[in-house]
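Engineer: Sending over a structure as structure tokens; questions will come in a sec.
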Amino acid sequence: MIVPNLVTVPLSSTGGISIYNHTGSTNVIVDAEGYYLSTAAANNSGLYNSLSPTRVLGNLQTGAAIGAGQTTAVTVAGTGAADGVPASASAVVVNVTAAHGTAPSFLTVFPAGAVQPTASNLNFGAGQTIANRVTVGVGSTGQIALYNHAGTVNVDVDVDGYYTGSSGGTGALFVPITPVRLTDTRAPMNGTPIGSDSSETFSLSSASIPSNASAVAANLTVVAGDAPGYLTAYPIADATVPVASDLNWMANEIVPNFTIADTAGTGRVAVFNSLGATSNLLIDASGYFTATTNPTVSGVSPTVGPTVGGTSATITGTNFTGATVVDFGG
């Protein structure tokens, strides 16, 4: 079996990473998708904004069919997007799910309008249902592209967040940590198994992750029961479970997938188990995104001016970092 997974990992002092294999021998392919700065860029580009997941391609019953050698464009940013990602976003974080493929194949996700890279984001066998997280640049039209190599496959795409572009904006910085296991419901440790068609809330704060983090980068691993299903991680403030999924499995499988869990500064995340059997969950965190705060205005001077404009104004307040536009009068 060929299985992919997105990984966010700290670099060593020499710019390297280590990969450990527990048993046997295996071949490994590593495709780099980007990197994080330790401090904010001067123009506040590259800051992350976590969103409640939104499905932008496919539905819960069946995904959008992509044929052999075909590329499908999906709108993820701008006025035509359903997920709230602004047109100025430089990249998005999406979960891509492949199902019911008629042949073994792979999907490549890349900015729409760009040259297709020699890389794969999701590998699958015929009839297999599998998901993988992808961080991908946004094309000039606000779209990303998905290429399918062979056969026909149904594809779902869920948007989980975005990164600010060169015009700046507000958002969060990434802080890598030494990977730590936060949850293992088999123990049980920090939670109990998730029943069918139900949600459980899990704490994602620890000695190395502050409770006010805006999101947590983690690997979710399901130890499935005797039925197929899917999990959805979402903010605890959401009144309903989003139409989205984070990982899919068949009966009695053990399946991992990377996620950026939107904790929205609460230190917790909700996880929904679909109509499968009761299943165990493991959560291993590798980093977090700092808390984000909105700008607050405490004063404007002068308070009046001519309607023709041309008057300089001084605005005082807090959390102005990344704010580049101010509107007066509404």
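Going through the structure tokens in order, the chains are called A, B, and so on, while each chain numbers its residues from 1 and the ligands are numbered from 1 in the order shown.
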As a PyMOL selection string, please: the residues near region 162-171 of chain A (cut-off 12 Å, only C-alpha atoms, same-chain neighbours under 5 positions excluded).

Structural biologist: chain A and resi 34-36+40-53+76-78+83-94+134-140+142+213-215+260+264+289-295+319-325

Engineer: Could the residues in this selection be written to a file with C-alpha atoms, as a compact mmCIF listing (two decimals), in the first residue's frame?

Structural biologist:
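Saved the output as out_16.txt:
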```
# COMPACT_ATOMS: atom_id res chain seq x y z
CA GLY A 34 6.60 25.49 1.90
CA TYR A 35 8.16 26.78 5.08
CA TYR A 36 7.48 29.06 8.05
CA ALA A 40 6.46 37.94 10.88
CA ALA A 41 7.49 39.28 7.48
CA ALA A 42 7.77 43.06 7.16
CA ASN A 43 4.56 43.17 5.09
CA ASN A 44 2.77 40.61 7.32
CA SER A 45 2.48 38.09 4.52
CA GLY A 46 2.37 34.38 5.38
CA LEU A 47 0.24 34.74 8.52
CA TYR A 48 -2.27 31.91 9.03
CA ASN A 49 -6.02 32.30 9.52
CA SER A 50 -7.88 29.16 10.59
CA LEU A 51 -11.46 28.66 9.41
CA SER A 52 -14.28 26.30 10.20
CA PRO A 53 -14.01 23.73 7.37
CA VAL A 76 -11.10 28.87 -3.13
CA ALA A 77 -10.57 32.65 -2.74
CA GLY A 78 -12.24 35.93 -3.64
CA ASP A 83 -15.32 29.67 2.30
CA GLY A 84 -14.55 33.28 3.32
CA VAL A 85 -10.99 33.30 1.96
CA PRO A 86 -10.08 36.77 0.64
CA ALA A 87 -8.77 37.32 -2.89
CA SER A 88 -5.48 38.52 -1.39
CA ALA A 89 -4.68 35.12 0.17
CA SER A 90 -1.38 33.61 -0.96
CA ALA A 91 -2.22 29.98 -0.12
CA VAL A 92 -4.92 27.79 1.38
CA VAL A 93 -4.95 24.66 3.54
CA VAL A 94 -7.33 22.05 2.14
CA VAL A 134 -2.56 19.93 1.30
CA THR A 135 -1.11 23.43 1.56
CA VAL A 136 -1.29 24.97 -1.90
CA GLY A 137 -0.74 28.40 -3.43
CA VAL A 138 -3.74 30.25 -4.83
CA GLY A 139 -3.68 31.05 -8.54
CA SER A 140 -4.26 34.55 -9.90
CA GLY A 142 -8.51 32.63 -6.90
CA ALA A 213 -3.51 29.26 20.58
CA SER A 214 -5.65 29.97 17.52
CA ALA A 215 -5.02 26.51 16.02
CA ILE A 260 -4.67 22.15 11.58
CA ALA A 264 -10.30 29.53 18.14
CA PHE A 289 -0.44 28.96 15.78
CA THR A 290 -0.23 31.98 18.04
CA ALA A 291 -3.31 33.77 19.33
CA THR A 292 -4.85 36.33 16.98
CA THR A 293 -6.51 39.53 18.14
CA ASN A 294 -8.55 42.10 16.25
CA PRO A 295 -7.49 45.78 16.07
CA ASN A 319 -3.25 45.30 17.63
CA PHE A 320 -2.75 47.36 14.46
CA THR A 321 -0.04 45.00 13.17
CA GLY A 322 -1.00 43.88 9.67
CA ALA A 323 -3.80 46.47 9.25
CA THR A 324 -3.22 48.28 5.95
CA VAL A 325 -6.60 49.94 5.19
```

Engineer: Would you list, as a list in words, the residues of region 89-121 of chain A that end up in strand (DSSP E) under DSSP run on this structure's backbone?

Structural biologist: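 Of region 89-121 of chain A, only Ala91, Val92, Val93, Val94, Asn95, Val96, Thr97, Ala98, Ala99, Ser105, Phe106, Leu107, Thr108, Val109, Phe110 and Pro111 of chain A fall in strand (DSSP E).
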
Engineer: As a list in words, please: the residues near Thr75 (chain A) (cut-off 7 Å, only C-alpha atoms, same-chain neighbours under 3 positions excluded).

Structural biologist: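 Close residues of Thr75 (chain A): Gly80, Ala81, Gly142, Gln143 and Ile144 of chain A.
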
Engineer: Please provide as a list in words all residues within 10 Å of Pro10 (chain A), with the sequence filter that same-chain residues fewer than 5 positions apart are discarded (counting only C-alpha atoms).

Structural biologist: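 Final neighbour list, sorted by chain and number: Gly15, Gly16, Ile17, Tyr35, Tyr36, Val175, Pro176, Ile177, Thr178, Pro179, Ser286 and Gly287 of chain A.
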
Engineer: So that I have them on file, write out the residues from the current selection with N, CA, C and O atoms, as a short mmCIF file (atom, residue, chain, number, x, y, z; two decimals), in the first residue's frame.

Structural biologist:
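Done, and the output landed in out.cif:
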```cif
data_model
loop_
_atom_site.label_atom_id
_atom_site.label_comp_id
_atom_site.auth_asym_id
_atom_site.auth_seq_id
_atom_site.Cartn_x
_atom_site.Cartn_y
_atom_site.Cartn_z
N GLY A 15 19.43 22.60 8.96
CA GLY A 15 18.37 22.64 7.97
C GLY A 15 17.85 21.29 7.55
O GLY A 15 17.23 21.16 6.49
N GLY A 16 18.05 20.26 8.37
CA GLY A 16 17.62 18.91 8.01
C GLY A 16 16.52 18.39 8.90
O GLY A 16 16.18 18.98 9.93
N ILE A 17 15.94 17.24 8.49
CA ILE A 17 14.96 16.52 9.30
C ILE A 17 15.38 15.05 9.36
O ILE A 17 16.20 14.60 8.57
N TYR A 35 7.45 26.66 3.82
CA TYR A 35 8.16 26.78 5.08
C TYR A 35 7.58 27.95 5.87
O TYR A 35 6.85 28.79 5.33
N TYR A 36 7.91 27.98 7.17
CA TYR A 36 7.48 29.06 8.05
C TYR A 36 8.67 29.89 8.49
O TYR A 36 9.75 29.34 8.73
N VAL A 175 4.41 28.12 15.57
CA VAL A 175 5.43 27.80 16.57
C VAL A 175 5.62 26.29 16.59
O VAL A 175 4.74 25.55 17.05
N PRO A 176 6.75 25.77 16.07
CA PRO A 176 6.95 24.32 16.09
C PRO A 176 7.32 23.83 17.49
O PRO A 176 7.92 24.56 18.27
N ILE A 177 6.95 22.60 17.80
CA ILE A 177 7.31 22.00 19.07
C ILE A 177 7.78 20.57 18.80
O ILE A 177 7.55 20.01 17.73
N THR A 178 8.48 20.00 19.77
CA THR A 178 8.79 18.58 19.68
C THR A 178 7.49 17.81 19.75
O THR A 178 6.66 18.04 20.62
N PRO A 179 7.23 16.91 18.79
CA PRO A 179 5.95 16.21 18.76
C PRO A 179 5.58 15.60 20.10
O PRO A 179 6.42 15.02 20.79
N SER A 286 2.39 18.74 16.67
CA SER A 286 3.74 19.10 16.27
C SER A 286 3.97 20.60 16.28
O SER A 286 5.07 21.07 15.94
N GLY A 287 2.97 21.38 16.66
CA GLY A 287 3.12 22.82 16.73
C GLY A 287 1.78 23.50 16.91
O GLY A 287 0.73 22.85 16.97
#
```

Engineer: So the first atom is CA of Leu182 (chain A) and the second is CA of Ile209 (chain A); what is the distance between them in Å, to one decimal place?

Structural biologist: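 Here the two named atoms are 10.3 Å from each other.
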